[in-house]
$ cat upload21.pdb   # PDB, C-alpha atoms
ATOM      1  CA  MET F   1       0.000   0.000   0.000  1.00  0.00           C
ATOM      2  CA  LYS F   2       2.894   2.275   0.815  1.00  0.00           C
ATOM      3  CA  THR F   3       4.426   1.730  -2.610  1.00  0.00           C
ATOM      4  CA  LEU F   4       1.078   2.475  -4.277  1.00  0.00           C
ATOM      5  CA  ILE F   5       0.750   5.775  -2.436  1.00  0.00           C
ATOM      6  CA  THR F   6       4.380   6.638  -3.190  1.00  0.00           C
ATOM      7  CA  ILE F   7       3.927   5.907  -6.893  1.00  0.00           C
ATOM      8  CA  GLY F   8       0.678   7.913  -6.965  1.00  0.00           C
ATOM      9  CA  LEU F   9       2.364  10.927  -5.313  1.00  0.00           C
ATOM     10  CA  LEU F  10       5.316  10.633  -7.706  1.00  0.00           C
ATOM     11  CA  VAL F  11       3.009  10.623 -10.754  1.00  0.00           C
ATOM     12  CA  LEU F  12       1.035  13.594  -9.422  1.00  0.00           C
ATOM     13  CA  SER F  13       4.201  15.582  -8.726  1.00  0.00           C
ATOM     14  CA  LEU F  14       5.587  14.876 -12.198  1.00  0.00           C
ATOM     15  CA  SER F  15       2.350  15.881 -13.922  1.00  0.00           C
ATOM     16  CA  GLY F  16       2.390  19.186 -12.053  1.00  0.00           C
ATOM     17  CA  CYS F  17       5.759  20.068 -13.639  1.00  0.00           C
ATOM     18  CA  ALA F  18       4.656  19.433 -17.213  1.00  0.00           C
ATOM     19  CA  ASP F  19       4.299  22.367 -19.619  1.00  0.00           C
ATOM     20  CA  LYS F  20       0.917  23.603 -20.630  1.00  0.00           C
ATOM     21  CA  ALA F  21      -0.274  22.745 -24.104  1.00  0.00           C
ATOM     22  CA  ALA F  22      -0.188  25.755 -26.400  1.00  0.00           C
ATOM     23  CA  THR F  23      -1.664  26.034 -29.847  1.00  0.00           C
ATOM     24  CA  GLN F  24       0.760  27.321 -32.431  1.00  0.00           C
ATOM     25  CA  LEU F  25      -0.924  29.754 -34.777  1.00  0.00           C
ATOM     26  CA  GLY F  26       2.207  30.250 -36.857  1.00  0.00           C
ATOM     27  CA  SER F  27       2.832  33.401 -38.815  1.00  0.00           C
ATOM     28  CA  GLU F  28       0.680  35.361 -41.223  1.00  0.00           C
ATOM     29  CA  ALA F  29       2.116  36.335 -44.589  1.00  0.00           C
ATOM     30  CA  LEU F  30       1.029  38.505 -47.459  1.00  0.00           C
ATOM     31  CA  VAL F  31       2.204  37.473 -50.934  1.00  0.00           C
ATOM     32  CA  TYR F  32       1.889  40.223 -53.525  1.00  0.00           C
ATOM     33  CA  GLN F  33       3.154  40.943 -57.009  1.00  0.00           C
ATOM     34  CA  GLU F  34       5.004  44.130 -57.812  1.00  0.00           C
ATOM     35  CA  LEU F  35       4.466  45.262 -61.376  1.00  0.00           C
ATOM     36  CA  HIS F  36       6.906  47.653 -63.030  1.00  0.00           C
ATOM     37  CA  HIS F  37       6.292  49.290 -66.395  1.00  0.00           C
ATOM     38  CA  PHE F  38       9.000  50.945 -68.481  1.00  0.00           C
ATOM     39  CA  VAL F  39       8.417  52.686 -71.802  1.00  0.00           C
ATOM     40  CA  ILE F  40      11.390  53.622 -73.945  1.00  0.00           C
ATOM     41  CA  GLU F  41      10.880  55.749 -77.030  1.00  0.00           C
ATOM     42  CA  PRO F  42      13.955  55.251 -79.223  1.00  0.00           C
ATOM     43  CA  LYS F  43      14.907  58.209 -81.375  1.00  0.00           C
ATOM     44  CA  ARG F  44      15.777  57.654 -84.993  1.00  0.00           C
ATOM     45  CA  SER F  45      19.226  59.084 -84.359  1.00  0.00           C
ATOM     46  CA  GLY F  46      19.528  57.426 -80.934  1.00  0.00           C
ATOM     47  CA  SER F  47      22.642  55.393 -80.352  1.00  0.00           C
ATOM     48  CA  LYS F  48      22.686  51.765 -79.321  1.00  0.00           C
ATOM     49  CA  THR F  49      24.877  52.593 -76.323  1.00  0.00           C
ATOM     50  CA  GLU F  50      22.173  54.856 -74.863  1.00  0.00           C
ATOM     51  CA  LEU F  51      19.596  52.079 -75.096  1.00  0.00           C
ATOM     52  CA  ASP F  52      22.032  49.527 -73.694  1.00  0.00           C
ATOM     53  CA  SER F  53      22.695  51.788 -70.715  1.00  0.00           C
ATOM     54  CA  GLU F  54      18.918  52.153 -70.196  1.00  0.00           C
ATOM     55  CA  PHE F  55      18.514  48.359 -70.327  1.00  0.00           C
ATOM     56  CA  THR F  56      21.427  47.885 -67.903  1.00  0.00           C
ATOM     57  CA  HIS F  57      19.872  50.402 -65.502  1.00  0.00           C
ATOM     58  CA  ILE F  58      16.490  48.633 -65.649  1.00  0.00           C
ATOM     59  CA  ILE F  59      18.041  45.207 -65.086  1.00  0.00           C
ATOM     60  CA  ALA F  60      20.175  46.504 -62.196  1.00  0.00           C
ATOM     61  CA  SER F  61      17.067  47.744 -60.371  1.00  0.00           C
ATOM     62  CA  PHE F  62      15.999  44.100 -59.895  1.00  0.00           C
ATOM     63  CA  HIS F  63      19.242  42.799 -58.373  1.00  0.00           C
ATOM     64  CA  GLN F  64      17.495  41.163 -55.401  1.00  0.00           C
ATOM     65  CA  GLY F  65      15.385  38.194 -56.444  1.00  0.00           C
ATOM     66  CA  PHE F  66      16.285  38.630 -60.110  1.00  0.00           C
ATOM     67  CA  GLU F  67      15.758  34.968 -60.948  1.00  0.00           C
ATOM     68  CA  GLN F  68      12.084  35.187 -59.910  1.00  0.00           C
ATOM     69  CA  THR F  69      11.206  38.120 -62.178  1.00  0.00           C
ATOM     70  CA  ASN F  70       8.889  37.735 -65.174  1.00  0.00           C
ATOM     71  CA  TRP F  71       9.670  39.927 -68.183  1.00  0.00           C
ATOM     72  CA  ARG F  72       7.283  40.916 -70.993  1.00  0.00           C
ATOM     73  CA  LEU F  73       9.131  42.714 -73.790  1.00  0.00           C
ATOM     74  CA  ARG F  74       7.037  44.408 -76.464  1.00  0.00           C
ATOM     75  CA  TYR F  75       8.089  46.324 -79.570  1.00  0.00           C
ATOM     76  CA  ARG F  76       6.299  48.051 -82.455  1.00  0.00           C
ATOM     77  CA  TYR F  77       8.647  48.109 -85.466  1.00  0.00           C
ATOM     78  CA  GLU F  78      11.028  45.514 -86.851  1.00  0.00           C
ATOM     79  CA  SER F  79      13.938  47.936 -86.385  1.00  0.00           C
ATOM     80  CA  ASP F  80      13.306  47.765 -82.620  1.00  0.00           C
ATOM     81  CA  LYS F  81      13.383  43.971 -82.632  1.00  0.00           C
ATOM     82  CA  ALA F  82      17.202  43.997 -82.552  1.00  0.00           C
ATOM     83  CA  TRP F  83      17.144  46.001 -79.295  1.00  0.00           C
ATOM     84  CA  ILE F  84      14.640  43.580 -77.785  1.00  0.00           C
ATOM     85  CA  ALA F  85      16.834  40.639 -78.839  1.00  0.00           C
ATOM     86  CA  SER F  86      19.818  42.365 -77.198  1.00  0.00           C
ATOM     87  CA  LEU F  87      17.871  42.819 -73.965  1.00  0.00           C
ATOM     88  CA  GLU F  88      16.697  39.212 -74.080  1.00  0.00           C
ATOM     89  CA  ARG F  89      20.300  38.003 -74.531  1.00  0.00           C
ATOM     90  CA  SER F  90      21.366  40.126 -71.566  1.00  0.00           C
ATOM     91  CA  LEU F  91      18.655  38.597 -69.386  1.00  0.00           C
ATOM     92  CA  LEU F  92      19.589  35.067 -70.457  1.00  0.00           C
ATOM     93  CA  ASN F  93      23.302  35.740 -69.841  1.00  0.00           C
ATOM     94  CA  LEU F  94      22.457  36.793 -66.284  1.00  0.00           C
ATOM     95  CA  GLY F  95      20.862  33.379 -65.718  1.00  0.00           C
ATOM     96  CA  LEU F  96      17.162  34.137 -66.101  1.00  0.00           C
ATOM     97  CA  ASN F  97      15.009  31.177 -67.095  1.00  0.00           C
ATOM     98  CA  PRO F  98      13.882  31.536 -70.756  1.00  0.00           C
ATOM     99  CA  ALA F  99      10.302  30.652 -69.729  1.00  0.00           C
ATOM    100  CA  LYS F 100      10.169  33.908 -67.725  1.00  0.00           C
ATOM    101  CA  ILE F 101      10.772  36.075 -70.813  1.00  0.00           C
ATOM    102  CA  HIS F 102       7.901  36.800 -73.224  1.00  0.00           C
ATOM    103  CA  VAL F 103       8.483  38.792 -76.404  1.00  0.00           C
ATOM    104  CA  GLU F 104       5.497  40.271 -78.266  1.00  0.00           C
ATOM    105  CA  LYS F 105       4.938  42.619 -81.154  1.00  0.00           C
ATOM    106  CA  LEU F 106       2.624  45.584 -80.567  1.00  0.00           C
ATOM    107  CA  GLN F 107      -0.090  45.903 -83.202  1.00  0.00           C
ATOM    108  CA  SER F 108      -0.487  49.665 -83.178  1.00  0.00           C
ATOM    109  CA  GLY F 109       0.728  52.809 -81.503  1.00  0.00           C
ATOM    110  CA  ASN F 110       3.849  54.928 -81.413  1.00  0.00           C
ATOM    111  CA  ARG F 111       7.389  53.712 -81.824  1.00  0.00           C
ATOM    112  CA  VAL F 112       8.088  52.406 -78.327  1.00  0.00           C
ATOM    113  CA  ILE F 113       9.765  49.573 -76.505  1.00  0.00           C
ATOM    114  CA  ASP F 114       7.452  48.469 -73.729  1.00  0.00           C
ATOM    115  CA  ILE F 115       8.972  46.521 -70.823  1.00  0.00           C
ATOM    116  CA  ARG F 116       6.838  45.050 -68.043  1.00  0.00           C
ATOM    117  CA  VAL F 117       8.445  43.299 -65.101  1.00  0.00           C
ATOM    118  CA  GLY F 118       6.566  41.325 -62.464  1.00  0.00           C
ATOM    119  CA  GLN F 119       8.150  40.216 -59.214  1.00  0.00           C
ATOM    120  CA  TYR F 120       6.507  38.467 -56.262  1.00  0.00           C
ATOM    121  CA  LYS F 121       7.335  39.556 -52.712  1.00  0.00           C
ATOM    122  CA  VAL F 122       6.323  38.238 -49.295  1.00  0.00           C
ATOM    123  CA  LYS F 123       5.560  40.358 -46.223  1.00  0.00           C
ATOM    124  CA  THR F 124       5.412  38.534 -42.909  1.00  0.00           C
ATOM    125  CA  GLN F 125       3.956  39.673 -39.625  1.00  0.00           C
ATOM    126  CA  GLU F 126       6.012  41.262 -36.874  1.00  0.00           C
ATOM    127  CA  CYS F 127       6.555  38.737 -34.096  1.00  0.00           C
ATOM    128  CA  ARG F 128       6.224  39.849 -30.497  1.00  0.00           C
ATOM    129  CA  ARG F 129       9.263  39.422 -28.279  1.00  0.00           C
ATOM    130  CA  SER F 130       9.050  36.540 -25.864  1.00  0.00           C
ATOM    131  CA  ILE F 131       9.409  37.172 -22.153  1.00  0.00           C
ATOM    132  CA  PHE F 132      11.040  34.466 -20.052  1.00  0.00           C
ATOM    133  CA  GLY F 133       8.483  32.568 -18.003  1.00  0.00           C
ATOM    134  CA  GLU F 134       5.501  33.946 -19.925  1.00  0.00           C
ATOM    135  CA  MET F 135       3.740  31.985 -22.659  1.00  0.00           C
ATOM    136  CA  ALA F 136       3.279  34.121 -25.748  1.00  0.00           C
ATOM    137  CA  SER F 137       0.318  33.570 -28.045  1.00  0.00           C
ATOM    138  CA  ASP F 138       2.512  33.575 -31.153  1.00  0.00           C
ATOM    139  CA  VAL F 139       4.790  30.662 -30.303  1.00  0.00           C
ATOM    140  CA  GLY F 140       6.642  29.622 -33.450  1.00  0.00           C
ATOM    141  CA  CYS F 141       6.109  32.965 -35.173  1.00  0.00           C
ATOM    142  CA  TYR F 142       9.829  33.604 -35.726  1.00  0.00           C
ATOM    143  CA  ALA F 143      10.451  30.169 -37.222  1.00  0.00           C
ATOM    144  CA  ASP F 144       7.406  30.364 -39.501  1.00  0.00           C
ATOM    145  CA  SER F 145       8.107  33.904 -40.696  1.00  0.00           C
ATOM    146  CA  MET F 146      11.753  33.068 -41.451  1.00  0.00           C
ATOM    147  CA  ARG F 147      10.668  29.925 -43.290  1.00  0.00           C
ATOM    148  CA  LEU F 148       8.354  32.017 -45.483  1.00  0.00           C
ATOM    149  CA  LYS F 149      11.069  34.616 -46.151  1.00  0.00           C
ATOM    150  CA  LEU F 150      13.464  31.894 -47.308  1.00  0.00           C
ATOM    151  CA  VAL F 151      11.119  30.418 -49.932  1.00  0.00           C
ATOM    152  CA  ARG F 152      13.074  30.524 -53.184  1.00  0.00           C
ATOM    153  CA  ASP F 153      10.183  31.167 -55.564  1.00  0.00           C
ATOM    154  CA  VAL F 154       7.576  33.205 -53.688  1.00  0.00           C
ATOM    155  CA  GLN F 155       5.196  32.890 -56.640  1.00  0.00           C
ATOM    156  CA  THR F 156       4.521  29.281 -55.613  1.00  0.00           C
ATOM    157  CA  LEU F 157       2.887  30.582 -52.415  1.00  0.00           C
ATOM    158  CA  ALA F 158       0.348  32.585 -54.449  1.00  0.00           C
ATOM    159  CA  ALA F 159      -2.835  30.923 -55.644  1.00  0.00           C
ATOM    160  CA  LYS F 160      -3.071  32.317 -59.165  1.00  0.00           C
ATOM    161  CA  GLU F 161      -0.750  33.076 -62.068  1.00  0.00           C
ATOM    162  CA  GLY F 162       0.466  36.625 -62.550  1.00  0.00           C
ATOM    163  CA  LEU F 163       2.287  38.454 -65.320  1.00  0.00           C
TER
END
$ encode --input "upload21.pdb" --output "structure tokens"
Amino acid sequence: MKTLITIGLLVLSLSGCADKAATQLGSEALVYQELHHFVIEPKRSGSKTELDSEFTHIIASFHQGFEQTNWRLRYRYESDKAWIASLERSLLNLGLNPAKIHVEKLQSGNRVIDIRVGQYKVKTQECRRSIFGEMASDVGCYADSMRLKLVRDVQTLAAKEGL
């Protein structure tokens, strides 16, 4: 009988030290697509170096997450097709997947080179700081938000296709 009481007290004392169960809500995230639109109007006397510097400046503005950008390149006249081909070669040389580049011919309008760039971004919630000895309601928030920030292709988190 003594051993039964001792075992019962031991089990009760151990269960009193156990942690409380907490539900992990995780982290909230917002996935959105940034759309950028560039219109270049080449002059008849314009030099190729000016356009190449414009293209280099546009490409450089997407240095972070470049491999996830989607490019739609549109031109009006056949003379502008060479500039589009040059831009496409530059994008491919930088390692962009060819499936993320779409080249189209504009049916009407002025002489322009139309560049549209889509890039998905993720915004995660701010996690509250934990206080020692106090159970926070957002347990696991840091791990979940960092996991979402490290997703290589954020577009896969979105439900529908973009640009």
$ residues_around --input "upload21.pdb" --residues "F:Leu51" --least-positions-apart "6" --cutoff "9 Å" --atoms "all atoms listed in the file" --output "ChimeraX atom specification"
/F:40,42,83
$ write_last_selection --input "upload21.pdb" --atoms "C-alpha atoms" --output "short mmCIF file (atom, residue, chain, number, x, y, z; two decimals), in the frame of the given file"
data_model
loop_
_atom_site.label_atom_id
_atom_site.label_comp_id
_atom_site.auth_asym_id
_atom_site.auth_seq_id
_atom_site.Cartn_x
_atom_site.Cartn_y
_atom_site.Cartn_z
CA ILE F 40 11.39 53.62 -73.94
CA PRO F 42 13.96 55.25 -79.22
CA TRP F 83 17.14 46.00 -79.30
#
$ closest_residue --input "upload21.pdb" --among "F:Glu88, F:Glu34, F:Asp144, F:Glu28" --to "F:Phe62" --atoms "only C-alpha atoms"
F:Glu34
$ resolve_selection --input "upload21.pdb" --expression "the PyMOL selection byres ((chain F and resi 151) around 12)" --output "list in words"
Val31, Gly65, Gln68, Tyr120, Lys121, Val122, Lys123, Asp144, Ser145, Met146, Arg147, Leu148, Lys149, Leu150, Arg152, Asp153, Val154, Gln155, Thr156, Leu157 and Ala158 of chain F
$ atom_distance --input "upload21.pdb" --atom1 "atom CA of F:Tyr77" --atom2 "atom CA of F:Asp52"
17.9 Å
$ resolve_selection --input "upload21.pdb" --expression "the PyMOL selection byres ((chain F and resi 54) around 12)" --output "list of chain:residue names"
F:Phe38, F:Val39, F:Ile40, F:Glu41, F:Pro42, F:Gly46, F:Ser47, F:Lys48, F:Thr49, F:Glu50, F:Leu51, F:Asp52, F:Ser53, F:Phe55, F:Thr56, F:His57, F:Ile58, F:Ile59, F:Ala60, F:Ser61, F:Trp83, F:Leu87, F:Ile113, F:Ile115
$ write_last_selection --input "upload21.pdb" --atoms "C-alpha atoms" --output "JSON list (two decimals), in the coordinates of the input"
[["chain", "number", "residue", "atom", "x", "y", "z"],
["F", 38, "PHE", "CA", 9.00, 50.94, -68.48],
["F", 39, "VAL", "CA", 8.42, 52.69, -71.80],
["F", 40, "ILE", "CA", 11.39, 53.62, -73.94],
["F", 41, "GLU", "CA", 10.88, 55.75, -77.03],
["F", 42, "PRO", "CA", 13.96, 55.25, -79.22],
["F", 46, "GLY", "CA", 19.53, 57.43, -80.93],
["F", 47, "SER", "CA", 22.64, 55.39, -80.35],
["F", 48, "LYS", "CA", 22.69, 51.76, -79.32],
["F", 49, "THR", "CA", 24.88, 52.59, -76.32],
["F", 50, "GLU", "CA", 22.17, 54.86, -74.86],
["F", 51, "LEU", "CA", 19.60, 52.08, -75.10],
["F", 52, "ASP", "CA", 22.03, 49.53, -73.69],
["F", 53, "SER", "CA", 22.70, 51.79, -70.72],
["F", 55, "PHE", "CA", 18.51, 48.36, -70.33],
["F", 56, "THR", "CA", 21.43, 47.88, -67.90],
["F", 57, "HIS", "CA", 19.87, 50.40, -65.50],
["F", 58, "ILE", "CA", 16.49, 48.63, -65.65],
["F", 59, "ILE", "CA", 18.04, 45.21, -65.09],
["F", 60, "ALA", "CA", 20.18, 46.50, -62.20],
["F", 61, "SER", "CA", 17.07, 47.74, -60.37],
["F", 83, "TRP", "CA", 17.14, 46.00, -79.30],
["F", 87, "LEU", "CA", 17.87, 42.82, -73.96],
["F", 113, "ILE", "CA", 9.76, 49.57, -76.50],
["F", 115, "ILE", "CA", 8.97, 46.52, -70.82]]
$ closest_residue --input "upload21.pdb" --among "F:Leu4, F:Ala82, F:Leu35, F:Ala29" --to "F:Gly118" --atoms "only C-alpha atoms"
F:Leu35
$ residues_near_point --input "upload21.pdb" --point "(15.3, 36.6, -70.5)" --cutoff "10 Å" --atoms "only C-alpha atoms" --output "ChimeraX atom specification"
/F:67,69-73,85-103
$ atom_distance --input "upload21.pdb" --atom1 "atom CA of F:Ile84" --atom2 "atom CA of F:Gly109"
17.1 Å
$ atom_distance --input "upload21.pdb" --atom1 "atom CA of F:Arg128" --atom2 "atom CA of F:Ala143"
12.5 Å
$ closest_residue --input "upload21.pdb" --among "F:Asp114, F:Ile5, F:His37, F:Gln107" --to "F:Arg74" --atoms "all atoms listed in the file"
F:Asp114
$ closest_residue --input "upload21.pdb" --among "F:Ser108, F:Gln119, F:Thr3, F:Ser13" --to "F:Tyr75" --atoms "only C-alpha atoms"
F:Ser108
$ build_atoms --input "upload21.pdb" --residues "stretch 54-77 of chain F" --atoms "N, CA and C atoms" --output "PDB file, keeping the file's coordinate frame"
ATOM      1  N   GLU F  54      20.282  52.176 -70.764  1.00  0.00           N
ATOM      2  CA  GLU F  54      18.918  52.153 -70.196  1.00  0.00           C
ATOM      3  C   GLU F  54      18.550  50.732 -69.769  1.00  0.00           C
ATOM      4  N   PHE F  55      18.819  49.760 -70.640  1.00  0.00           N
ATOM      5  CA  PHE F  55      18.514  48.359 -70.327  1.00  0.00           C
ATOM      6  C   PHE F  55      19.309  47.899 -69.102  1.00  0.00           C
ATOM      7  N   THR F  56      20.580  48.270 -69.038  1.00  0.00           N
ATOM      8  CA  THR F  56      21.427  47.885 -67.903  1.00  0.00           C
ATOM      9  C   THR F  56      20.893  48.496 -66.614  1.00  0.00           C
ATOM     10  N   HIS F  57      20.433  49.735 -66.679  1.00  0.00           N
ATOM     11  CA  HIS F  57      19.872  50.402 -65.502  1.00  0.00           C
ATOM     12  C   HIS F  57      18.583  49.708 -65.048  1.00  0.00           C
ATOM     13  N   ILE F  58      17.744  49.321 -65.994  1.00  0.00           N
ATOM     14  CA  ILE F  58      16.490  48.633 -65.649  1.00  0.00           C
ATOM     15  C   ILE F  58      16.788  47.280 -65.021  1.00  0.00           C
ATOM     16  N   ILE F  59      17.696  46.530 -65.617  1.00  0.00           N
ATOM     17  CA  ILE F  59      18.041  45.207 -65.086  1.00  0.00           C
ATOM     18  C   ILE F  59      18.654  45.327 -63.696  1.00  0.00           C
ATOM     19  N   ALA F  60      19.504  46.320 -63.491  1.00  0.00           N
ATOM     20  CA  ALA F  60      20.175  46.504 -62.196  1.00  0.00           C
ATOM     21  C   ALA F  60      19.188  46.839 -61.080  1.00  0.00           C
ATOM     22  N   SER F  61      18.043  47.401 -61.412  1.00  0.00           N
ATOM     23  CA  SER F  61      17.067  47.744 -60.371  1.00  0.00           C
ATOM     24  C   SER F  61      16.373  46.512 -59.787  1.00  0.00           C
ATOM     25  N   PHE F  62      16.603  45.346 -60.398  1.00  0.00           N
ATOM     26  CA  PHE F  62      15.999  44.100 -59.895  1.00  0.00           C
ATOM     27  C   PHE F  62      17.078  43.130 -59.412  1.00  0.00           C
ATOM     28  N   HIS F  63      18.128  43.647 -58.791  1.00  0.00           N
ATOM     29  CA  HIS F  63      19.242  42.799 -58.373  1.00  0.00           C
ATOM     30  C   HIS F  63      18.836  41.769 -57.334  1.00  0.00           C
ATOM     31  N   GLN F  64      17.923  42.108 -56.426  1.00  0.00           N
ATOM     32  CA  GLN F  64      17.495  41.163 -55.401  1.00  0.00           C
ATOM     33  C   GLN F  64      16.311  40.352 -55.924  1.00  0.00           C
ATOM     34  N   GLY F  65      16.447  39.054 -55.950  1.00  0.00           N
ATOM     35  CA  GLY F  65      15.385  38.194 -56.444  1.00  0.00           C
ATOM     36  C   GLY F  65      15.228  38.235 -57.947  1.00  0.00           C
ATOM     37  N   PHE F  66      16.327  38.489 -58.657  1.00  0.00           N
ATOM     38  CA  PHE F  66      16.285  38.630 -60.110  1.00  0.00           C
ATOM     39  C   PHE F  66      15.768  37.372 -60.797  1.00  0.00           C
ATOM     40  N   GLU F  67      16.143  36.209 -60.276  1.00  0.00           N
ATOM     41  CA  GLU F  67      15.758  34.968 -60.948  1.00  0.00           C
ATOM     42  C   GLU F  67      14.269  34.661 -60.849  1.00  0.00           C
ATOM     43  N   GLN F  68      13.531  35.385 -60.004  1.00  0.00           N
ATOM     44  CA  GLN F  68      12.084  35.187 -59.910  1.00  0.00           C
ATOM     45  C   GLN F  68      11.286  36.225 -60.692  1.00  0.00           C
ATOM     46  N   THR F  69      11.938  37.097 -61.430  1.00  0.00           N
ATOM     47  CA  THR F  69      11.206  38.120 -62.178  1.00  0.00           C
ATOM     48  C   THR F  69      10.656  37.561 -63.482  1.00  0.00           C
ATOM     49  N   ASN F  70       9.510  38.074 -63.891  1.00  0.00           N
ATOM     50  CA  ASN F  70       8.889  37.735 -65.174  1.00  0.00           C
ATOM     51  C   ASN F  70       8.963  38.976 -66.061  1.00  0.00           C
ATOM     52  N   TRP F  71       9.456  38.801 -67.271  1.00  0.00           N
ATOM     53  CA  TRP F  71       9.670  39.927 -68.183  1.00  0.00           C
ATOM     54  C   TRP F  71       8.774  39.780 -69.393  1.00  0.00           C
ATOM     55  N   ARG F  72       8.058  40.846 -69.747  1.00  0.00           N
ATOM     56  CA  ARG F  72       7.283  40.916 -70.993  1.00  0.00           C
ATOM     57  C   ARG F  72       7.852  42.072 -71.803  1.00  0.00           C
ATOM     58  N   LEU F  73       8.475  41.734 -72.923  1.00  0.00           N
ATOM     59  CA  LEU F  73       9.131  42.714 -73.790  1.00  0.00           C
ATOM     60  C   LEU F  73       8.284  42.893 -75.037  1.00  0.00           C
ATOM     61  N   ARG F  74       7.899  44.136 -75.310  1.00  0.00           N
ATOM     62  CA  ARG F  74       7.037  44.408 -76.464  1.00  0.00           C
ATOM     63  C   ARG F  74       7.650  45.511 -77.320  1.00  0.00           C
ATOM     64  N   TYR F  75       7.530  45.354 -78.630  1.00  0.00           N
ATOM     65  CA  TYR F  75       8.089  46.324 -79.570  1.00  0.00           C
ATOM     66  C   TYR F  75       7.072  46.581 -80.673  1.00  0.00           C
ATOM     67  N   ARG F  76       7.256  47.667 -81.409  1.00  0.00           N
ATOM     68  CA  ARG F  76       6.299  48.051 -82.455  1.00  0.00           C
ATOM     69  C   ARG F  76       6.853  47.785 -83.845  1.00  0.00           C
ATOM     70  N   TYR F  77       8.081  48.219 -84.125  1.00  0.00           N
ATOM     71  CA  TYR F  77       8.647  48.109 -85.466  1.00  0.00           C
ATOM     72  C   TYR F  77       9.759  47.059 -85.498  1.00  0.00           C
TER      73      TYR F  77
END
